[in-house]
Amino acid sequence: MARLQNKLTNAAVKAAAPGKHSDGAGLWLYKREDGGAQWVLRYTIYSKRHEMGLGRFPDITLREAREEADKWRAVVRGGKDAIKERDRQRAVAQRNQNILADVARDAFESRKAELKGDGKAGRWFSPLELHVLPKLGKMPVSEIDQRDIRDTLAPIWHDKADTARKAMNRLSIVMRHAAALGLEVDLQATEKAKALLGKQRHKPQNIPAMAWQDVPTFYQSLNGGTISELALRLLILTAVRSFPLRHLQLDQIEGDIWTIPAEAMKGRRDATTDFRVPLSRKAQEVIAEATPFARDGFLFPGVRKGVISDATMSRFMERRGLVERPHGFRSSFRDWVAETTKTPWDVAETALGHTVGGSVERAYRRTDFLEQRRTLMERWAAKCSANASDNVMQLGG
């Protein structure tokens with residue numbers, strides 16, 4: 001490398017004629033006929049000569065050009081091609097300019113296939129959209145640290161503990177997605193933020209459930225023939241969750257069996273297995289009554305498109321002056337089973353769609369207790385539709 005000479009002066013640079021003017025040690029000013037000028041660093045590496053543009057004059061002053069030249073000469077002395085190293089640094093900087101909002105949406109799109117209803121009905125993205133992105137969405141994901149996350153979620157960390165937990169979980173997934181994209185992120189940022197926020201003080205509350213003794217009266221009051229009432233009646237009779245019921249498609253029903261696709265079953269570890277629901281005679285009557293309302297194959301369509309929302313049934317119960325919620329009927333059913341029947345525990349849990357036993361036990365036990373559950377659901381339907389005395393029963397198996 002040539003010895004530094006600093007031949008040029010500011011005045012000489014401004015007055016330079018068209019041509020190439022050396023400042024020494026490989027730094028040159030290329031002056032054009034139209035008056036424009038460019039700083040260029042000449043260097044040799046691997047026996048090959050290169051010319052590296054350092055910017056235009058006067059945007060880059062003589063002093064700034066010398067500083068840039070010094071920086072890249074050091075890179076060459078370290079055995080690296082300055083142009084390639086600059087390109088690499090620019091690529092890293094560009095990648096790390098990805099803002100959180102864009103990365104979060106890309107992560108959501110990548111996960112849609114494994115989420116119920118493509119993640120829309122499951123509201124996977126909502127905690128991020130409502131509580132994280134308004135504050136951090138425009139920040140480069142590489143700059144987000146635990147303090148940013150703490151300050152963002154602190155207002156809801158204790159008062160809306162479950163929502164805050166979901167938001168933190170989603171954000172952790174987004175950060176891992178960013179790392180998979182090659183972005184430089186702190187994968188421990190969410191865990192550090194949890195440590196800064198401390199243990200949540202909020203105590204989770206169970207969803208209000210109607211006492212099983214009151215269910216028959218409520219069930220029999222659902223006689224208006226509306227979609228909301230029919231959906232509630234079938235929800236009570238089958239003891240399933242709201243999501244698979246609201247998305248029930250007519251082609252899922254064959255005879256007295258409703259087969260719920262595995263992806264619609266929340267919380268099942270054997271997610272590749274569909275779940276069979278035995279339909280009581282009363283349940284089949286409700287389905288027949290609701291069939292004329294079907295649209296696009298869905299038994300319980302929404303007013304304009306899609307299917308009815310979970311809020312539709314909840315609002316219906318609120319208008320009746322009830323604090324209980326549709327999901328609570330699963331608890332009503334489970335309490336009735338426990339208090340008035342001698343149903344084996346694994347049969348009762350299977351009736352709710354819960355996973356029973358460990359992986360080894362499930363591998364050997366292939367039954368889903370369909371016949372026992374069929375008898376149980378007929379008994380529950382009889383209880384809901386009449387006020388007859390409920391005798392304790394013993395289920396076989």
# chains A, B, ... in the order shown; residues from 1 in each chain; ligands from 1
$ select_by_dssp --residues "region 11-242 of chain A" --states "helix (DSSP H, G or I)" --output "number ranges by chain"
A: 11-15, 62-77, 82-95, 100-114, 116-119, 126-131, 133-136, 141-143, 146-156, 161-180, 189-197, 212-221, 227-238, 242
$ residues_around --residues "Thr163 (chain A)" --least-positions-apart "2" --cutoff "10 Å" --atoms "only C-alpha atoms" --output "MDAnalysis selection string"
chainID A and resid 126:128 130:131 153 156:161 165:169
$ write_last_selection --atoms "C-alpha atoms" --output "PDB file, in the first residue's frame"
ATOM      1  CA  SER A 126     -55.076 -10.269  18.025  1.00  0.00           C
ATOM      2  CA  PRO A 127     -52.882  -9.990  21.167  1.00  0.00           C
ATOM      3  CA  LEU A 128     -50.014  -8.715  19.033  1.00  0.00           C
ATOM      4  CA  LEU A 130     -53.890  -4.852  19.973  1.00  0.00           C
ATOM      5  CA  HIS A 131     -51.171  -4.702  22.608  1.00  0.00           C
ATOM      6  CA  LEU A 153     -46.844  -5.044  28.323  1.00  0.00           C
ATOM      7  CA  ILE A 156     -51.767  -5.111  31.167  1.00  0.00           C
ATOM      8  CA  TRP A 157     -49.353  -7.542  32.830  1.00  0.00           C
ATOM      9  CA  HIS A 158     -51.412  -7.876  36.019  1.00  0.00           C
ATOM     10  CA  ASP A 159     -54.831  -6.479  35.084  1.00  0.00           C
ATOM     11  CA  LYS A 160     -55.200  -8.533  31.883  1.00  0.00           C
ATOM     12  CA  ALA A 161     -52.874 -11.354  32.751  1.00  0.00           C
ATOM     13  CA  ARG A 165     -49.371 -13.917  28.562  1.00  0.00           C
ATOM     14  CA  LYS A 166     -50.695 -14.620  25.073  1.00  0.00           C
ATOM     15  CA  ALA A 167     -49.085 -11.448  23.716  1.00  0.00           C
ATOM     16  CA  MET A 168     -45.736 -12.433  25.244  1.00  0.00           C
ATOM     17  CA  ASN A 169     -46.023 -15.950  23.821  1.00  0.00           C
TER      18      ASN A 169
END
$ closest_residue --among "A:Asn98, A:Thr238, A:Gln89, A:Thr190" --to "Ala381 (chain A)" --atoms "only C-alpha atoms"
A:Thr238
$ residues_around --residues "Phe369 (chain A)" --least-positions-apart "5" --cutoff "10 Å" --atoms "only C-alpha atoms" --output "list in words"
Arg276, Asp346, Val347, Ala348, Thr350, Ala351, Arg374 and Gly397 of chain A
$ write_last_selection --atoms "N, CA and C atoms" --output "mmCIF file, in the first residue's frame"
data_model
loop_
_atom_site.group_PDB
_atom_site.id
_atom_site.type_symbol
_atom_site.label_atom_id
_atom_site.label_comp_id
_atom_site.auth_asym_id
_atom_site.auth_seq_id
_atom_site.Cartn_x
_atom_site.Cartn_y
_atom_site.Cartn_z
ATOM 1 N N ARG A 276 -64.985 -38.288 17.100
ATOM 2 C CA ARG A 276 -66.362 -38.663 16.804
ATOM 3 C C ARG A 276 -67.289 -38.274 17.950
ATOM 4 N N ASP A 346 -62.538 -42.009 32.457
ATOM 5 C CA ASP A 346 -61.994 -41.849 31.113
ATOM 6 C C ASP A 346 -63.098 -41.698 30.076
ATOM 7 N N VAL A 347 -64.254 -42.304 30.313
ATOM 8 C CA VAL A 347 -65.388 -42.133 29.395
ATOM 9 C C VAL A 347 -65.914 -40.697 29.484
ATOM 10 N N ALA A 348 -66.045 -40.192 30.700
ATOM 11 C CA ALA A 348 -66.554 -38.839 30.894
ATOM 12 C C ALA A 348 -65.614 -37.805 30.279
ATOM 13 N N THR A 350 -63.433 -38.325 27.843
ATOM 14 C CA THR A 350 -63.469 -38.479 26.390
ATOM 15 C C THR A 350 -64.705 -37.809 25.811
ATOM 16 N N ALA A 351 -65.815 -37.851 26.536
ATOM 17 C CA ALA A 351 -67.037 -37.202 26.075
ATOM 18 C C ALA A 351 -66.844 -35.705 25.890
ATOM 19 N N ARG A 374 -72.464 -42.809 23.591
ATOM 20 C CA ARG A 374 -73.782 -42.713 22.961
ATOM 21 C C ARG A 374 -74.895 -42.851 24.015
ATOM 22 N N GLY A 397 -68.136 -51.083 30.756
ATOM 23 C CA GLY A 397 -66.842 -50.815 30.123
ATOM 24 C C GLY A 397 -65.886 -50.137 31.041
#
$ residues_around --residues "Lys192 (chain A)" --least-positions-apart "4" --cutoff "8 Å" --atoms "only C-alpha atoms" --output "list in words"
Gln146, Gln188 and Leu196 of chain A
$ write_last_selection --atoms "N, CA and C atoms" --output "mmCIF file, in the first residue's frame"
data_model
loop_
_atom_site.group_PDB
_atom_site.id
_atom_site.type_symbol
_atom_site.label_atom_id
_atom_site.label_comp_id
_atom_site.auth_asym_id
_atom_site.auth_seq_id
_atom_site.Cartn_x
_atom_site.Cartn_y
_atom_site.Cartn_z
ATOM 1 N N GLN A 146 -35.501 -6.357 26.042
ATOM 2 C CA GLN A 146 -36.422 -6.696 27.112
ATOM 3 C C GLN A 146 -37.081 -5.467 27.737
ATOM 4 N N GLN A 188 -33.687 -14.228 23.815
ATOM 5 C CA GLN A 188 -34.015 -14.278 25.242
ATOM 6 C C GLN A 188 -34.748 -13.024 25.718
ATOM 7 N N LEU A 196 -38.283 -8.989 34.355
ATOM 8 C CA LEU A 196 -38.440 -7.581 34.739
ATOM 9 C C LEU A 196 -39.866 -7.278 35.201
#
$ residues_around --residues "Lys48 (chain A)" --least-positions-apart "5" --cutoff "12 Å" --atoms "only C-alpha atoms" --output "PyMOL selection string"
chain A and resi 42-43+81
$ closest_residue --among "A:Asp310, A:Asp34, A:Asp59, A:Glu129" --to "Ser242 (chain A)" --atoms "only C-alpha atoms"
A:Asp310
$ residues_around --residues "Pro216 (chain A)" --least-positions-apart "4" --cutoff "12 Å" --atoms "only C-alpha atoms" --output "PyMOL selection string"
chain A and resi 210-212+220-222+233+236-237+329+332-333+336+380-390
$ write_last_selection --atoms "C-alpha atoms" --output "tab-separated table (two decimals), in the first residue's frame"
chain	number	residue	atom	x	y	z
A	210	MET	CA	-74.93	-22.80	34.73
A	211	ALA	CA	-75.79	-25.34	37.42
A	212	TRP	CA	-76.76	-28.57	35.73
A	220	GLN	CA	-86.50	-25.82	26.93
A	221	SER	CA	-86.77	-22.01	26.74
A	222	LEU	CA	-84.77	-22.04	23.48
A	233	ARG	CA	-79.38	-26.28	21.98
A	236	ILE	CA	-75.74	-28.15	25.25
A	237	LEU	CA	-76.69	-31.57	23.89
A	329	PHE	CA	-72.32	-25.81	29.52
A	332	SER	CA	-72.64	-28.22	33.57
A	333	PHE	CA	-72.53	-31.51	31.68
A	336	TRP	CA	-74.11	-33.77	35.98
A	380	TRP	CA	-78.15	-36.12	28.98
A	381	ALA	CA	-80.54	-35.22	26.15
A	382	ALA	CA	-83.42	-36.78	28.10
A	383	LYS	CA	-82.45	-34.75	31.15
A	384	CYS	CA	-82.31	-31.50	29.15
A	385	SER	CA	-85.61	-32.01	27.37
A	386	ALA	CA	-87.70	-33.21	30.32
A	387	ASN	CA	-87.90	-32.68	34.04
A	388	ALA	CA	-88.12	-36.38	34.79
A	389	SER	CA	-86.26	-37.65	37.85
A	390	ASP	CA	-82.68	-38.49	37.04
$ atom_distance --atom1 "CA of Asp256 (chain A)" --atom2 "CA of Thr312 (chain A)"
26.7 Å
$ select_by_dssp --residues "region 28-240 of chain A" --states "strand (DSSP E)" --output "MDAnalysis selection string"
chainID A and resid 28:31 37:45 48:57
$ write_last_selection --atoms "C-alpha atoms" --output "mmCIF file, in the first residue's frame"
data_model
loop_
_atom_site.group_PDB
_atom_site.id
_atom_site.type_symbol
_atom_site.label_atom_id
_atom_site.label_comp_id
_atom_site.auth_asym_id
_atom_site.auth_seq_id
_atom_site.Cartn_x
_atom_site.Cartn_y
_atom_site.Cartn_z
ATOM 1 C CA TRP A 28 -8.405 9.433 -5.754
ATOM 2 C CA LEU A 29 -10.807 12.156 -6.835
ATOM 3 C CA TYR A 30 -12.326 11.524 -10.251
ATOM 4 C CA LYS A 31 -13.569 14.805 -11.726
ATOM 5 C CA ALA A 37 -16.837 14.334 -8.873
ATOM 6 C CA GLN A 38 -16.438 10.938 -7.192
ATOM 7 C CA TRP A 39 -14.107 9.668 -4.486
ATOM 8 C CA VAL A 40 -12.468 6.330 -5.308
ATOM 9 C CA LEU A 41 -10.244 4.051 -3.254
ATOM 10 C CA ARG A 42 -7.818 1.891 -5.228
ATOM 11 C CA TYR A 43 -6.533 -1.220 -3.487
ATOM 12 C CA THR A 44 -5.038 -4.568 -4.405
ATOM 13 C CA ILE A 45 -5.926 -7.900 -2.813
ATOM 14 C CA LYS A 48 -6.038 -8.137 -8.212
ATOM 15 C CA ARG A 49 -6.648 -4.405 -8.339
ATOM 16 C CA HIS A 50 -10.026 -2.963 -7.319
ATOM 17 C CA GLU A 51 -11.628 0.473 -7.360
ATOM 18 C CA MET A 52 -14.130 1.189 -4.599
ATOM 19 C CA GLY A 53 -16.461 4.187 -4.768
ATOM 20 C CA LEU A 54 -16.608 6.176 -1.536
ATOM 21 C CA GLY A 55 -19.263 8.705 -2.511
ATOM 22 C CA ARG A 56 -19.733 11.922 -4.434
ATOM 23 C CA PHE A 57 -18.051 15.237 -3.836
#
$ residues_around --residues "Asp251 (chain A)" --least-positions-apart "3" --cutoff "10 Å" --atoms "only C-alpha atoms" --output "ChimeraX atom specification"
/A:248,254,258-259,297-299
